[in-house]
Amino acid sequence: MHYYSSRNMAGNSLRWILFLHFLLIMCSSHGSIGRDDHDHDHDHHHHMDPSLMVFFTMNDLKVGQRMPIYFPKRNPSTSPKPWPKQEADSLPFSLEKLPQLLRHFGFARDSPQAKAMEDTLRECESKAIKGEVKFCATSLESMLEFTQTILGIDSDSEIRALSTSHKTKSSVTFQNYTMLENIVEIEAPKMVACHTMPYPYAVFYCHSQRSENRVFKVPLEGENGDEVEAMVVCHLDTSEWSSSHPSFRVLGVKPGSSSVCHFFPADNLIFVPKVVQVESHDGFSAM
């Protein structure tokens with residue numbers, strides 16, 4: 001395992017907080033990422049991969065709305081750990097160097113781990129869509145450096161990190177949830193979203209779009225009583241998205257014809273500038 005020392009991290013409060021947050025996510029996960037007795041298909045989505053059940057539209061963002069949602073659960077014993085920047089930078093992060101990387105980590109070329117690494121590297125090297133800036137961060141430091149650049153902020157203390165929080169212990173990954181009262185909109189003039197990627201150590205796919213986005217904190221209650229405070233991003237302009245994006249298949253819409261909102265797993269992060277509290281808009285609280 002590769003852990004940061006408090007001496008290395010204490011100099012930067014947000015990096016230290018993020019590292020503790022990352023460990024907390026891994027240590028507070030319950031169960032495995034596989035299906036259990038509570039995982040089941042729902043209504044007309046029975047033919048869908050449950051892991052795709054995270055998409056909805058702005059019209060569905062309302063108190064009382066009920067929908068099936070997939071929230072993956074980490075297995076702490078097998079979850080990739082964050083590496084210090086110096087150590088991560090000592091290895092190439094390139095599809096061209098995949099054979100060398102597989103030898104370094106001891107993975108056979110036809111192994112599931114090799115396929116996951118290849119998919120991650122290919123996705124990280126793919127071309128960004130119009131109006132999007134993307135970056136694969138191989139350390140917490142590089143993730144924050146990218147975030148600071150995109151948000152135009154010099155100090156980490158001016159950045160707010162947001163993530164989904166599971167308030168109850170449960171191994172259930174897929175079930176119906178109901179949106180509760182106190183849906184809160186987060187003031188986000190700019191934002192960076194960072195998603196975990198399968199790799200031997202923690203890698204985040206971070207991206208930002210110039211098109212209009214809205215960020216919400218949505219309280220949810222599962223049909224089994226699970227309580228989740230979920231982070232949601234709604235993309236209002238999807239006209240530049242690929243028609244093969246899974247959200248369009250799930251929602252039955254076409255690029256540019258509808259907003260697309262999605263829930264964030266607990267190990268994904270949203271970064272926004274810290275701003276003062278503002279008045280409510282569109283019936284939601286705001287902060």
# chains A, B, ... in the order shown; residues from 1 in each chain; ligands from 1

$ residues_around --residues "Val253 (chain A)" --least-positions-apart "3" --cutoff "12 Å" --atoms "only C-alpha atoms" --output "list in words"
Phe55, Phe56, Thr57, Thr238, Ser239, Trp241, Ser243, Ser244, His245, Pro246, Ser247, Phe248, Arg249, Val250, Gly256, Ser257, Ser258, Ser259 and Val260 of chain A

$ write_last_selection --atoms "N, CA and C atoms" --output "JSON list (two decimals), in the first residue's frame"
[["chain", "number", "residue", "atom", "x", "y", "z"],
["A", 55, "PHE", "N", -28.96, 8.08, -14.66],
["A", 55, "PHE", "CA", -29.31, 9.23, -15.48],
["A", 55, "PHE", "C", -30.79, 9.60, -15.34],
["A", 56, "PHE", "N", -31.06, 10.89, -15.41],
["A", 56, "PHE", "CA", -32.43, 11.40, -15.44],
["A", 56, "PHE", "C", -32.40, 12.81, -16.02],
["A", 57, "THR", "N", -33.52, 13.49, -16.12],
["A", 57, "THR", "CA", -33.56, 14.84, -16.67],
["A", 57, "THR", "C", -33.96, 15.84, -15.59],
["A", 238, "THR", "N", -26.43, 19.18, -24.30],
["A", 238, "THR", "CA", -25.79, 17.91, -24.68],
["A", 238, "THR", "C", -25.60, 17.80, -26.19],
["A", 239, "SER", "N", -25.67, 18.92, -26.88],
["A", 239, "SER", "CA", -25.63, 18.89, -28.35],
["A", 239, "SER", "C", -24.31, 18.38, -28.90],
["A", 241, "TRP", "N", -22.45, 16.04, -27.42],
["A", 241, "TRP", "CA", -22.16, 14.69, -26.93],
["A", 241, "TRP", "C", -22.31, 13.66, -28.06],
["A", 243, "SER", "N", -23.65, 10.48, -29.90],
["A", 243, "SER", "CA", -24.97, 9.84, -29.89],
["A", 243, "SER", "C", -24.93, 8.48, -29.20],
["A", 244, "SER", "N", -23.72, 7.92, -29.01],
["A", 244, "SER", "CA", -23.58, 6.62, -28.36],
["A", 244, "SER", "C", -23.47, 6.74, -26.84],
["A", 245, "HIS", "N", -23.55, 7.98, -26.32],
["A", 245, "HIS", "CA", -23.47, 8.14, -24.87],
["A", 245, "HIS", "C", -24.59, 7.34, -24.21],
["A", 246, "PRO", "N", -24.28, 6.55, -23.17],
["A", 246, "PRO", "CA", -25.31, 5.67, -22.59],
["A", 246, "PRO", "C", -26.53, 6.41, -22.04],
["A", 247, "SER", "N", -26.38, 7.67, -21.66],
["A", 247, "SER", "CA", -27.53, 8.41, -21.11],
["A", 247, "SER", "C", -28.67, 8.51, -22.12],
["A", 248, "PHE", "N", -28.34, 8.63, -23.40],
["A", 248, "PHE", "CA", -29.38, 8.77, -24.42],
["A", 248, "PHE", "C", -30.18, 7.48, -24.57],
["A", 249, "ARG", "N", -29.49, 6.35, -24.42],
["A", 249, "ARG", "CA", -30.19, 5.06, -24.50],
["A", 249, "ARG", "C", -31.07, 4.87, -23.28],
["A", 250, "VAL", "N", -30.56, 5.24, -22.11],
["A", 250, "VAL", "CA", -31.34, 5.08, -20.88],
["A", 250, "VAL", "C", -32.58, 5.97, -20.90],
["A", 256, "GLY", "N", -28.69, 17.00, -27.54],
["A", 256, "GLY", "CA", -29.23, 18.34, -27.68],
["A", 256, "GLY", "C", -30.72, 18.48, -27.47],
["A", 257, "SER", "N", -31.42, 17.35, -27.34],
["A", 257, "SER", "CA", -32.88, 17.42, -27.21],
["A", 257, "SER", "C", -33.35, 17.52, -25.77],
["A", 258, "SER", "N", -32.44, 17.26, -24.83],
["A", 258, "SER", "CA", -32.85, 17.23, -23.43],
["A", 258, "SER", "C", -31.65, 17.47, -22.53],
["A", 259, "SER", "N", -31.92, 17.98, -21.34],
["A", 259, "SER", "CA", -30.89, 18.02, -20.31],
["A", 259, "SER", "C", -30.60, 16.59, -19.87],
["A", 260, "VAL", "N", -29.40, 16.37, -19.34],
["A", 260, "VAL", "CA", -29.04, 15.08, -18.77],
["A", 260, "VAL", "C", -28.44, 15.31, -17.39]]

$ atom_distance --atom1 "CA of Val232 (chain A)" --atom2 "CA of Met143 (chain A)"
20.1 Å

$ atom_distance --atom1 "CA of Pro50 (chain A)" --atom2 "CA of Asn213 (chain A)"
25.0 Å

$ closest_residue --among "A:Leu140, A:Val133, A:Pro72, A:Ala108" --to "Val203 (chain A)" --atoms "only C-alpha atoms"
A:Leu140

$ select_by_dssp --residues "region 132-202 of chain A" --states "alpha helix (DSSP H)" --output "MDAnalysis selection string"
chainID A and resid 140:151

$ write_last_selection --atoms "all heavy atoms" --output "compact mmCIF listing (two decimals), in the first residue's frame"
# COMPACT_ATOMS: atom_id res chain seq x y z
N LEU A 140 -3.46 12.83 -6.14
CA LEU A 140 -4.32 13.88 -5.62
C LEU A 140 -3.75 15.26 -5.94
O LEU A 140 -4.48 16.20 -6.21
CB LEU A 140 -4.48 13.72 -4.11
CG LEU A 140 -5.15 12.43 -3.62
CD1 LEU A 140 -5.27 12.44 -2.10
CD2 LEU A 140 -6.52 12.25 -4.25
N GLU A 141 -2.41 15.36 -5.92
CA GLU A 141 -1.79 16.65 -6.23
C GLU A 141 -2.09 17.09 -7.65
O GLU A 141 -2.45 18.25 -7.88
CB GLU A 141 -0.26 16.58 -6.03
CG GLU A 141 0.18 16.45 -4.59
CD GLU A 141 0.46 15.01 -4.21
OE1 GLU A 141 -0.17 14.09 -4.81
OE2 GLU A 141 1.28 14.79 -3.31
N SER A 142 -1.93 16.18 -8.62
CA SER A 142 -2.17 16.56 -10.01
C SER A 142 -3.65 16.84 -10.25
O SER A 142 -4.00 17.70 -11.07
CB SER A 142 -1.67 15.46 -10.96
OG SER A 142 -2.33 14.24 -10.74
N MET A 143 -4.54 16.17 -9.52
CA MET A 143 -5.97 16.44 -9.64
C MET A 143 -6.28 17.86 -9.18
O MET A 143 -7.02 18.60 -9.84
CB MET A 143 -6.77 15.43 -8.82
CG MET A 143 -8.27 15.65 -8.83
SD MET A 143 -9.21 14.30 -8.07
CE MET A 143 -8.62 14.37 -6.39
N LEU A 144 -5.69 18.28 -8.07
CA LEU A 144 -5.94 19.62 -7.56
C LEU A 144 -5.27 20.69 -8.42
O LEU A 144 -5.80 21.79 -8.59
CB LEU A 144 -5.46 19.73 -6.11
CG LEU A 144 -6.36 19.02 -5.10
CD1 LEU A 144 -5.74 19.08 -3.71
CD2 LEU A 144 -7.75 19.64 -5.07
N GLU A 145 -4.11 20.38 -8.97
CA GLU A 145 -3.45 21.34 -9.87
C GLU A 145 -4.32 21.60 -11.10
O GLU A 145 -4.47 22.75 -11.53
CB GLU A 145 -2.08 20.80 -10.27
CG GLU A 145 -1.05 20.83 -9.15
CD GLU A 145 0.20 20.05 -9.48
OE1 GLU A 145 0.31 19.54 -10.64
OE2 GLU A 145 1.09 19.95 -8.62
N PHE A 146 -4.87 20.55 -11.67
CA PHE A 146 -5.76 20.70 -12.82
C PHE A 146 -7.00 21.51 -12.42
O PHE A 146 -7.43 22.41 -13.14
CB PHE A 146 -6.18 19.32 -13.34
CG PHE A 146 -7.23 19.35 -14.41
CD1 PHE A 146 -6.91 19.69 -15.72
CD2 PHE A 146 -8.56 19.03 -14.12
CE1 PHE A 146 -7.88 19.72 -16.72
CE2 PHE A 146 -9.53 19.05 -15.11
CZ PHE A 146 -9.20 19.40 -16.41
N THR A 147 -7.57 21.18 -11.27
CA THR A 147 -8.77 21.88 -10.80
C THR A 147 -8.51 23.35 -10.61
O THR A 147 -9.32 24.20 -11.01
CB THR A 147 -9.25 21.25 -9.48
OG1 THR A 147 -9.61 19.87 -9.71
CG2 THR A 147 -10.46 21.99 -8.93
N GLN A 148 -7.39 23.70 -9.99
CA GLN A 148 -7.05 25.11 -9.78
C GLN A 148 -6.94 25.85 -11.11
O GLN A 148 -7.41 26.98 -11.24
CB GLN A 148 -5.73 25.22 -9.02
CG GLN A 148 -5.85 24.89 -7.54
CD GLN A 148 -4.51 24.97 -6.84
OE1 GLN A 148 -3.64 24.13 -7.07
NE2 GLN A 148 -4.33 25.96 -6.01
N THR A 149 -6.33 25.20 -12.10
CA THR A 149 -6.16 25.84 -13.41
C THR A 149 -7.52 26.09 -14.06
O THR A 149 -7.78 27.19 -14.58
CB THR A 149 -5.32 24.93 -14.33
OG1 THR A 149 -4.02 24.75 -13.74
CG2 THR A 149 -5.16 25.56 -15.71
N ILE A 150 -8.40 25.11 -14.04
CA ILE A 150 -9.71 25.24 -14.69
C ILE A 150 -10.58 26.27 -13.98
O ILE A 150 -11.26 27.09 -14.61
CB ILE A 150 -10.44 23.89 -14.74
CG1 ILE A 150 -9.65 22.89 -15.59
CG2 ILE A 150 -11.85 24.06 -15.30
CD1 ILE A 150 -9.42 23.33 -17.03
N LEU A 151 -10.55 26.25 -12.64
CA LEU A 151 -11.38 27.18 -11.89
C LEU A 151 -10.77 28.58 -11.80
O LEU A 151 -11.44 29.52 -11.38
CB LEU A 151 -11.63 26.64 -10.47
CG LEU A 151 -12.37 25.31 -10.36
CD1 LEU A 151 -12.61 24.96 -8.89
CD2 LEU A 151 -13.70 25.34 -11.11

$ select_by_dssp --residues "region 55-198 of chain A" --states "strand (DSSP E or B)" --output "ChimeraX atom specification"
/A:55-56,66-70,132-137,159-162,165-166,174-179,184-186,192-197

$ closest_residue --among "A:Gln100, A:Asn224, A:Ser155, A:Thr138" --to "Asn176 (chain A)" --atoms "only C-alpha atoms"
A:Asn224

$ closest_residue --among "A:Val218, A:Leu236, A:Val228, A:Met117" --to "Lys167 (chain A)" --atoms "only C-alpha atoms"
A:Val228

$ residues_around --residues "Gln113 (chain A)" --least-positions-apart "4" --cutoff "10 Å" --atoms "only C-alpha atoms" --output "list in words"
Leu102, Phe105, Gly106, Phe107, Ala108, Arg109, Met117, Glu118, Asp119, Pro198, Tyr199 and Pro200 of chain A

$ atom_distance --atom1 "CA of Arg214 (chain A)" --atom2 "CA of Ile69 (chain A)"
19.5 Å

$ closest_residue --among "A:Lys81, A:Lys134, A:Arg122, A:Lys73" --to "Leu95 (chain A)" --atoms "only C-alpha atoms"
A:Arg122

$ closest_residue --among "A:Arg210, A:Phe271, A:Phe71, A:Trp83" --to "Asp226 (chain A)" --atoms "only C-alpha atoms"
A:Phe71

$ closest_residue --among "A:Asp267, A:Cys136, A:Ile129, A:His104" --to "Ser211 (chain A)" --atoms "only C-alpha atoms"
A:Ile129
